[in-house]
Amino acid sequence: MTHRPYTPWLFLAPGLVVCGLFVLFPFINMIVLAFTDASALGGGRFTGADNFVRMLQDPKFWAAARNSALYMAGVVPPLVLLPLLIAMLAQKVVPGIGIFRTAFFTPVIASTVVVGLIWTWLLDSRGLVNSVVEALGGTRIGFLTDSTLLLISSMVVTVWRGLGYYMVIYLAALANVPKDLHEAAMVDGAGPVRRFWSVTVPSLRPTMVLVAALSAVNGFRVFSEIYLLSGGTGGPGGASTTLVMLIQSVGRGLTGEVGYASALSVVLFVILLGLLLITLKLNRREDQL
Amino acid sequence: MKRRTFLAGLAAVPVAGCGLSGTSNTGTATNGQVTGEITFQTWSLKPKYTDYVNGVVDAFQKQHAGTTVKWVDQPADGYLQKVMADASAGSLPDVINVPPDLSFPLAKAGQLVNLDESLEEAKPEYLDNAWQAFEIPGKGGCYGFPWYLNTGPLFYNKALFTQAGLDPDKPPTNFKELEATALKLAEKKVAILGQTPSIADFGLYGVTLFKDGKFAFNEPKGVEFVETYKRMYDAGALIPEALTQNYTGAGAKFMAQQTAMNPGSAYDLGKFKTDAPSLYANIGITTPITNTGSANMFLHGVSVPKSSKNQATALAFGRFVTNAENQVKFAKLASIFPSTSKGGDDPYFTTEDGTDEARVRVAAAKQLKTAVNYTPVQFSDQMREALLQQLADAMLGKKSPKQALDDAVAECNRLLK
């Protein structure tokens with residue numbers, strides 16, 4: 001069969017148009033705006049690298065970048081390990097396992113706002129958790145009013161929400177681990193722990209790298225959890241503000257500094273790109289081993 | 001008192017993209033014929049006030065044959081993004097419902113019709129303080145028809161007062177008494193307030209907020225005010241969440257009976273009755289605390305963008321929606337008050353019938369005659385956030401009250417440019 005040379009492009013056109021309009025154009029627009037002092041009402045003069053120079057001297061930027069990095073460091077290890085352990089339990093074929101799997105996946109599909117509200121009620125100074133703490137004779141803990149605890153509480157929510165999603169990825173990968181490897185290990189006298197470290201983990205290493213990359217990127221650009229738990233304020237004195245929250249805070253509203261917010265977004269993009277490139281390199285190394 | 005809208009809370013507003021090019025609005029003549037189609041955008045009035053707004057639209061269309069008003073209601077969530085997107089695209093609706101702090105950046109960008117130039121004769125129809133709320137300070141010009149207003153009393157929880165051994169019929173009447181009451185309540189582990197002071201609270205304390213084109217609330221009186229709050233915070237008279245609380249959050253804490261006092265309005269009283277009956281049973285109502293003699297006032301208005309292709313009709317409709325007759329009807333439905341010079345003398349706002357609602361309504365209507373919108377129109381969301389953050393640092397002792405206010409003022413003045 002023959003076709004005209006432009007036929008494939010006709011099939012691609014709708015996707016390309018949507019991508020161009022809603023992804024590529026805004027992205028290029030953001031990069032251009034990063035070099036202007038544009039406001040939300042348009043316009044803006046070319047200001048060269050002023051926004052980036054300002055960023056280097058802006059303590060809020062450094063604090064937000066530090067918080068984002070801490071957040072990433074806090075959520076990646078539990079999001080790599082816990083879903084794996086849960087997936088190993090969930091892969092067992094026992095009666096009622098469907099309920100178990102569904103329970104872990106529910107937070108993934110739950111509305112972020114609803115999740116945020118539930119956790120706010122739980123962790124509020126008069127919330128359920130503090131009521132239990134008080135009933136046990138303790139003093140109330142400022143989960144949402146202490147900047148460090150607020151970050152940790154948000155991390156807990158992120159991990160709780162991510163467990164189900166990464167569990168599904170691990171379940172798919174576990175199904176591909178050759179059974180004969182386990183059988184051979186068993187013949188050699190390896191117990192369950194030994195088989196986990198010597199068979200399961202090596203077989204899942206590429207998946208673990210993928211989960212680490214995804215959770216690192218999501219952790220670094222965290223917004224909803226911190227925003228909802230802090231009521232949109234970034235905690236007392238804004239001390240728990242992350243980079244994406246700072247971008248929102250700087251650029252929002254009719255009085256927003258869109259130029260500076262765009263410059264912050266460009267920096268965020270570069271950082272995330274760096275993270276992904278590192279992952280890619282790690283993955284390649286895995287393939288070569 | 002706290003900044004809030006009274007028919008709908010101002011929602012959190014995430015950043016939205018904006019275009020590369022500015023919008024230039026040459027506009028059309030404002031003195032043309034009142035005919036043709038216009039779009040009227042309101043802020044979260046559906047479904048509760050659908051019949052009312054449709055009635056106003058029908059009456060206008062009947063009065064002006066050949067006109068069609070297309071009513072679009074936007075939910076509170078995302079309202080600002082919608083206005084921002086429309087404003088940057090130069091496609092704002094012909095008549096748009098905005099509070100003064102939203103009309104200010106639009107007017108400053110030259111996007112709104114100046115009513116002082118286009119419809120000067122309308123000015124006497126409105127209360128002076130309401131008309132002034134839509135002016136650009138120092139530059140003149142009015143950029144919105146004042147629409148509904150609200151003010152209100154200070155609510156307090158009599159049960160919490162009694163629990164702390166205080167006389168439930170003697171609420172504080174000035175700031176000194178407020179502090180003394182707060183400290184007594186705190187001794188019994190009862191918090192009095194759910195929020196650090198807003199910019200309007202500084203105004204009520206008598207602090208000079210804005211002077212010679214710059215923010216100036218770091219003056220000694222402002223520092224004294226923050227020191228009062230610091231003493232209250234240290235004693236436990238503010239809930240821990242006060243450092244991060246917004247206007248709706250503090251109201252929710254009062255409804256949950258976690259704080260003993262909160263400013264509010266007749267609208268809130270209705271909400272207590274339906275949503276918090278145990279609070280309503282113990283509600284105390286007193287006059288707002290002010291050092292200036294004037295209570296705080298909140299208001300909404302309607303503006304006409306210069307980009308409207310049918311400015312004459314848009315202006316006529318804006319004036320019609322906000323005329324005394326329509327505002328009084330609306331006020332009776334929504335526990336709000338008219339901003340017109342004539343609407344306030346309706347017996348509904350001057351006669352009590354023995355109910356708490358009527359008592360609050362009549363007192364608020366009286367209060368409105370001298371009330372002031374203390375929040376400067378230049379005070380943007382970013383500035384509100386800067387003040388909140390600096391006050392949190394002051395309360396936590398990370399900074400002195402003076403340093404925190406100096407930093408807040410510096411940031412506000414930087415954002416002002």
# chains A, B, ... in the order shown; residues from 1 in each chain; ligands from 1
$ residues_around --residues "stretch 256-269 of chain A" --least-positions-apart "4" --cutoff "9 Å" --atoms "only C-alpha atoms" --output "ChimeraX atom specification"
/A:29-42,44,50-52,54-55,61,65,220-221,243-244,246-252,273-274 /B:15-18,380-382,415
$ write_last_selection --atoms "C-alpha atoms" --output "PDB file, in the first residue's frame"
ATOM      1  CA  ASN A  29       6.264  32.112  26.711  1.00  0.00           C
ATOM      2  CA  MET A  30       7.484  31.329  30.228  1.00  0.00           C
ATOM      3  CA  ILE A  31      11.112  31.437  29.147  1.00  0.00           C
ATOM      4  CA  VAL A  32      10.614  34.791  27.411  1.00  0.00           C
ATOM      5  CA  LEU A  33       8.705  36.207  30.400  1.00  0.00           C
ATOM      6  CA  ALA A  34      11.536  35.165  32.704  1.00  0.00           C
ATOM      7  CA  PHE A  35      13.613  37.929  31.152  1.00  0.00           C
ATOM      8  CA  THR A  36      10.970  40.639  31.627  1.00  0.00           C
ATOM      9  CA  ASP A  37       9.271  42.455  34.477  1.00  0.00           C
ATOM     10  CA  ALA A  38       5.844  41.397  33.169  1.00  0.00           C
ATOM     11  CA  SER A  39       2.821  41.633  35.429  1.00  0.00           C
ATOM     12  CA  ALA A  40      -0.391  39.618  35.293  1.00  0.00           C
ATOM     13  CA  LEU A  41      -1.955  42.266  33.081  1.00  0.00           C
ATOM     14  CA  GLY A  42       0.530  41.627  30.304  1.00  0.00           C
ATOM     15  CA  GLY A  44       6.577  43.973  30.693  1.00  0.00           C
ATOM     16  CA  ASP A  50      17.673  40.849  36.506  1.00  0.00           C
ATOM     17  CA  ASN A  51      15.153  38.268  37.709  1.00  0.00           C
ATOM     18  CA  PHE A  52      17.863  35.633  38.056  1.00  0.00           C
ATOM     19  CA  ARG A  54      17.332  38.943  42.219  1.00  0.00           C
ATOM     20  CA  MET A  55      16.703  35.247  42.796  1.00  0.00           C
ATOM     21  CA  PHE A  61      14.126  31.505  47.045  1.00  0.00           C
ATOM     22  CA  ALA A  65      14.716  25.539  47.343  1.00  0.00           C
ATOM     23  CA  PHE A 220      10.692  18.402  44.526  1.00  0.00           C
ATOM     24  CA  ARG A 221       7.696  20.044  42.913  1.00  0.00           C
ATOM     25  CA  LEU A 243       9.626  26.250  45.349  1.00  0.00           C
ATOM     26  CA  VAL A 244       6.301  25.670  43.574  1.00  0.00           C
ATOM     27  CA  LEU A 246       6.797  30.360  46.051  1.00  0.00           C
ATOM     28  CA  ILE A 247       6.113  30.508  42.298  1.00  0.00           C
ATOM     29  CA  GLN A 248       2.373  30.522  43.016  1.00  0.00           C
ATOM     30  CA  SER A 249       2.735  33.117  45.734  1.00  0.00           C
ATOM     31  CA  VAL A 250       4.855  35.479  43.612  1.00  0.00           C
ATOM     32  CA  GLY A 251       2.876  35.184  40.410  1.00  0.00           C
ATOM     33  CA  ARG A 252      -0.725  34.945  41.557  1.00  0.00           C
ATOM     34  CA  LEU A 273      15.618  18.191  34.093  1.00  0.00           C
ATOM     35  CA  GLY A 274      18.885  17.600  35.952  1.00  0.00           C
TER      36      GLY A 274
ATOM     37  CA  VAL B  15      -0.813  31.510  39.415  1.00  0.00           C
ATOM     38  CA  ALA B  16      -2.085  31.584  35.888  1.00  0.00           C
ATOM     39  CA  GLY B  17      -0.204  32.181  32.713  1.00  0.00           C
ATOM     40  CA  CYS B  18      -0.299  35.513  31.028  1.00  0.00           C
ATOM     41  CA  SER B 380      -2.597  43.271  47.341  1.00  0.00           C
ATOM     42  CA  ASP B 381      -2.739  39.598  48.189  1.00  0.00           C
ATOM     43  CA  GLN B 382       1.057  39.406  48.187  1.00  0.00           C
ATOM     44  CA  LEU B 415       5.433  45.482  45.715  1.00  0.00           C
TER      45      LEU B 415
END
$ residues_around --residues "stretch 287-289 of chain B" --least-positions-apart "4" --cutoff "12 Å" --atoms "only C-alpha atoms" --output "ChimeraX atom specification"
/B:1-2,151-156,170-179,200-206,261-265,293-297,359-360,363-364,366-368,371
$ closest_residue --among "B:Phe320, B:Tyr79, B:Phe298, B:Phe215" --to "B:Ala408" --atoms "only C-alpha atoms"
B:Phe215
$ select_by_dssp --residues "stretch 292-413 of chain B" --states "strand (DSSP E or B)" --output "ChimeraX atom specification"
/B:296,298-303,305,337-338,340,372
$ atom_distance --atom1 "atom CA of A:Arg140" --atom2 "atom CA of A:Leu123"
10.0 Å
$ residues_around --residues "B:Asn97" --least-positions-apart "6" --cutoff "9 Å" --atoms "only C-alpha atoms" --output "list in words"
Phe40, Gln41, Thr42, Trp43, Gly144, Trp147, His300, Gly301, Val302 and Ser303 of chain B
$ residues_around --residues "stretch 156-158 of chain A" --least-positions-apart "4" --cutoff "8 Å" --atoms "only C-alpha atoms" --output "list in words"
Val75, Trp119, Ile152, Gly162, Gly219 and Glu225 of chain A
$ residues_around --residues "stretch 118-135 of chain B" --least-positions-apart "4" --cutoff "7 Å" --atoms "only C-alpha atoms" --output "list in words"
Thr30, Pro100, Asn114, Gly140, Gly141, Cys142, Tyr143, Gly144, Pro146, Ser339, Thr340, Ser341, Val372 and Asn373 of chain B
$ atom_distance --atom1 "atom CA of B:Pro105" --atom2 "atom CA of B:Val223"
28.9 Å
$ closest_residue --among "A:Leu84, A:Ser198, A:Ile271, A:Ser230" --to "B:Gly249" --atoms "only C-alpha atoms"
A:Ser230
$ residues_around --residues "B:Val190" --least-positions-apart "6" --cutoff "12 Å" --atoms "only C-alpha atoms" --output "ChimeraX atom specification"
/B:157,159-166,181-184,232-233,235-240,254,257-261
$ write_last_selection --atoms "C-alpha atoms" --output "PDB file, in the first residue's frame"
ATOM      1  CA  ASN B 157     -19.025  33.221  73.066  1.00  0.00           C
ATOM      2  CA  ALA B 159     -20.300  30.208  77.484  1.00  0.00           C
ATOM      3  CA  LEU B 160     -16.508  30.520  77.157  1.00  0.00           C
ATOM      4  CA  PHE B 161     -16.603  33.843  79.053  1.00  0.00           C
ATOM      5  CA  THR B 162     -18.561  32.191  81.882  1.00  0.00           C
ATOM      6  CA  GLN B 163     -16.247  29.185  81.859  1.00  0.00           C
ATOM      7  CA  ALA B 164     -13.314  31.548  82.479  1.00  0.00           C
ATOM      8  CA  GLY B 165     -15.143  33.339  85.289  1.00  0.00           C
ATOM      9  CA  LEU B 166     -15.851  36.498  83.288  1.00  0.00           C
ATOM     10  CA  THR B 181     -10.037  39.939  78.798  1.00  0.00           C
ATOM     11  CA  ALA B 182      -7.751  37.860  76.554  1.00  0.00           C
ATOM     12  CA  LEU B 183      -5.220  37.355  79.339  1.00  0.00           C
ATOM     13  CA  LYS B 184      -7.944  36.327  81.811  1.00  0.00           C
ATOM     14  CA  MET B 232      -1.608  37.910  74.046  1.00  0.00           C
ATOM     15  CA  TYR B 233       0.079  35.251  71.895  1.00  0.00           C
ATOM     16  CA  ALA B 235      -0.108  34.040  77.122  1.00  0.00           C
ATOM     17  CA  GLY B 236      -1.910  31.580  74.857  1.00  0.00           C
ATOM     18  CA  ALA B 237      -4.742  33.979  74.045  1.00  0.00           C
ATOM     19  CA  LEU B 238      -4.398  33.246  70.337  1.00  0.00           C
ATOM     20  CA  ILE B 239      -4.827  29.717  68.994  1.00  0.00           C
ATOM     21  CA  PRO B 240      -1.627  28.211  67.511  1.00  0.00           C
ATOM     22  CA  PHE B 254     -15.021  30.597  66.233  1.00  0.00           C
ATOM     23  CA  GLN B 257     -16.048  27.289  69.673  1.00  0.00           C
ATOM     24  CA  GLN B 258     -12.254  27.173  69.791  1.00  0.00           C
ATOM     25  CA  THR B 259     -12.008  30.964  70.119  1.00  0.00           C
ATOM     26  CA  ALA B 260     -14.069  33.343  72.218  1.00  0.00           C
ATOM     27  CA  MET B 261     -14.368  36.398  69.934  1.00  0.00           C
TER      28      MET B 261
END
$ select_by_dssp --residues "stretch 42-280 of chain A" --states "alpha helix (DSSP H)" --output "MDAnalysis selection string"
chainID A and resid 50:57 59:90 97:109 112:123 128:135 147:175 179:187 192:195 201:220 224:229 243:251 258:280
$ closest_residue --among "A:Trp197, A:Phe46, A:Tyr170, A:Phe100" --to "chain B" --atoms "only C-alpha atoms"
A:Phe46
$ residues_around --residues "A:Ala103" --least-positions-apart "5" --cutoff "12 Å" --atoms "only C-alpha atoms" --output "PyMOL selection string"
chain A and resi 86+90+96-98+108-110+160-161+163-165+167
$ decode --residues "stretch 221-271 of chain B" --atoms "N, CA and C atoms" --output "compact mmCIF listing (two decimals), in the first residue's frame"
# COMPACT_ATOMS: atom_id res chain seq x y z
N LYS B 221 2.60 53.61 66.72
CA LYS B 221 1.31 53.06 67.13
C LYS B 221 1.14 51.62 66.59
N GLY B 222 1.64 51.39 65.39
CA GLY B 222 1.57 50.06 64.79
C GLY B 222 2.39 49.07 65.62
N VAL B 223 3.59 49.52 66.05
CA VAL B 223 4.46 48.67 66.85
C VAL B 223 3.78 48.34 68.18
N GLU B 224 3.16 49.38 68.76
CA GLU B 224 2.44 49.19 70.04
C GLU B 224 1.33 48.14 69.87
N PHE B 225 0.66 48.19 68.74
CA PHE B 225 -0.44 47.25 68.46
C PHE B 225 0.07 45.81 68.37
N VAL B 226 1.19 45.65 67.66
CA VAL B 226 1.76 44.30 67.51
C VAL B 226 2.27 43.79 68.86
N GLU B 227 2.82 44.71 69.66
CA GLU B 227 3.29 44.30 70.99
C GLU B 227 2.14 43.77 71.85
N THR B 228 0.97 44.40 71.69
CA THR B 228 -0.23 43.92 72.40
C THR B 228 -0.53 42.47 72.00
N TYR B 229 -0.50 42.22 70.69
CA TYR B 229 -0.78 40.87 70.19
C TYR B 229 0.28 39.88 70.65
N LYS B 230 1.52 40.35 70.70
CA LYS B 230 2.62 39.47 71.13
C LYS B 230 2.38 39.02 72.58
N ARG B 231 1.97 39.97 73.41
CA ARG B 231 1.69 39.61 74.82
C ARG B 231 0.54 38.60 74.88
N MET B 232 -0.47 38.83 74.06
CA MET B 232 -1.61 37.91 74.05
C MET B 232 -1.18 36.53 73.53
N TYR B 233 -0.36 36.53 72.48
CA TYR B 233 0.08 35.25 71.89
C TYR B 233 0.91 34.46 72.92
N ASP B 234 1.82 35.17 73.59
CA ASP B 234 2.68 34.50 74.57
C ASP B 234 1.86 33.89 75.71
N ALA B 235 0.73 34.54 76.02
CA ALA B 235 -0.11 34.04 77.12
C ALA B 235 -1.02 32.91 76.67
N GLY B 236 -1.04 32.64 75.38
CA GLY B 236 -1.91 31.58 74.86
C GLY B 236 -3.30 32.09 74.53
N ALA B 237 -3.43 33.40 74.34
CA ALA B 237 -4.74 33.98 74.04
C ALA B 237 -5.10 33.89 72.55
N LEU B 238 -4.12 33.48 71.76
CA LEU B 238 -4.40 33.25 70.34
C LEU B 238 -4.19 31.74 70.10
N ILE B 239 -5.03 31.14 69.27
CA ILE B 239 -4.83 29.72 68.99
C ILE B 239 -3.54 29.55 68.18
N PRO B 240 -2.89 28.39 68.26
CA PRO B 240 -1.63 28.21 67.51
C PRO B 240 -1.79 28.48 66.01
N GLU B 241 -2.97 28.12 65.48
CA GLU B 241 -3.21 28.30 64.04
C GLU B 241 -3.32 29.78 63.63
N ALA B 242 -3.40 30.67 64.62
CA ALA B 242 -3.56 32.10 64.31
C ALA B 242 -2.44 32.60 63.41
N LEU B 243 -1.27 31.99 63.51
CA LEU B 243 -0.12 32.47 62.74
C LEU B 243 -0.26 32.20 61.25
N THR B 244 -1.10 31.25 60.91
CA THR B 244 -1.24 30.91 59.49
C THR B 244 -2.69 31.05 59.04
N GLN B 245 -3.49 31.64 59.88
CA GLN B 245 -4.92 31.62 59.59
C GLN B 245 -5.33 32.73 58.62
N ASN B 246 -6.22 32.38 57.70
CA ASN B 246 -6.79 33.42 56.87
C ASN B 246 -8.17 33.77 57.45
N TYR B 247 -8.87 34.67 56.75
CA TYR B 247 -10.14 35.20 57.27
C TYR B 247 -11.19 34.11 57.48
N THR B 248 -11.27 33.16 56.54
CA THR B 248 -12.29 32.12 56.70
C THR B 248 -11.91 31.13 57.80
N GLY B 249 -10.61 30.86 57.93
CA GLY B 249 -10.14 29.93 58.94
C GLY B 249 -10.48 30.41 60.34
N ALA B 250 -10.27 31.69 60.62
CA ALA B 250 -10.56 32.23 61.94
C ALA B 250 -12.06 32.13 62.24
N GLY B 251 -12.89 32.36 61.24
CA GLY B 251 -14.34 32.24 61.40
C GLY B 251 -14.73 30.81 61.73
N ALA B 252 -14.07 29.86 61.07
CA ALA B 252 -14.38 28.44 61.31
C ALA B 252 -14.02 28.05 62.74
N LYS B 253 -12.91 28.59 63.24
CA LYS B 253 -12.48 28.27 64.61
C LYS B 253 -13.48 28.84 65.62
N PHE B 254 -14.02 30.00 65.33
CA PHE B 254 -15.02 30.60 66.23
C PHE B 254 -16.30 29.76 66.21
N MET B 255 -16.66 29.32 65.00
CA MET B 255 -17.86 28.47 64.87
C MET B 255 -17.67 27.16 65.64
N ALA B 256 -16.42 26.66 65.64
CA ALA B 256 -16.14 25.41 66.35
C ALA B 256 -15.94 25.65 67.85
N GLN B 257 -16.16 26.87 68.26
CA GLN B 257 -16.05 27.29 69.67
C GLN B 257 -14.64 27.07 70.23
N GLN B 258 -13.65 27.27 69.35
CA GLN B 258 -12.25 27.17 69.79
C GLN B 258 -11.70 28.54 70.14
N THR B 259 -12.40 29.60 69.74
CA THR B 259 -12.01 30.96 70.12
C THR B 259 -13.24 31.67 70.69
N ALA B 260 -12.96 32.70 71.50
CA ALA B 260 -14.07 33.34 72.22
C ALA B 260 -14.63 34.57 71.51
N MET B 261 -13.86 35.18 70.60
CA MET B 261 -14.37 36.40 69.93
C MET B 261 -14.02 36.38 68.45
N ASN B 262 -14.90 36.99 67.67
CA ASN B 262 -14.64 37.08 66.23
C ASN B 262 -15.55 38.16 65.63
N PRO B 263 -14.98 38.99 64.75
CA PRO B 263 -15.86 39.96 64.09
C PRO B 263 -16.76 39.26 63.08
N GLY B 264 -17.89 39.83 62.79
CA GLY B 264 -18.79 39.19 61.82
C GLY B 264 -19.85 40.15 61.34
N SER B 265 -20.87 39.57 60.75
CA SER B 265 -21.93 40.38 60.17
C SER B 265 -23.27 39.68 60.40
N ALA B 266 -24.34 40.34 59.94
CA ALA B 266 -25.67 39.74 60.06
C ALA B 266 -25.70 38.41 59.30
N TYR B 267 -24.94 38.35 58.22
CA TYR B 267 -24.85 37.12 57.43
C TYR B 267 -24.30 35.97 58.28
N ASP B 268 -23.24 36.29 59.07
CA ASP B 268 -22.64 35.27 59.93
C ASP B 268 -23.62 34.80 61.00
N LEU B 269 -24.40 35.74 61.51
CA LEU B 269 -25.37 35.38 62.55
C LEU B 269 -26.34 34.32 62.03
N GLY B 270 -26.77 34.51 60.78
CA GLY B 270 -27.66 33.52 60.15
C GLY B 270 -26.98 32.17 60.03
N LYS B 271 -25.65 32.24 59.73
CA LYS B 271 -24.87 31.01 59.58
C LYS B 271 -24.74 30.28 60.92
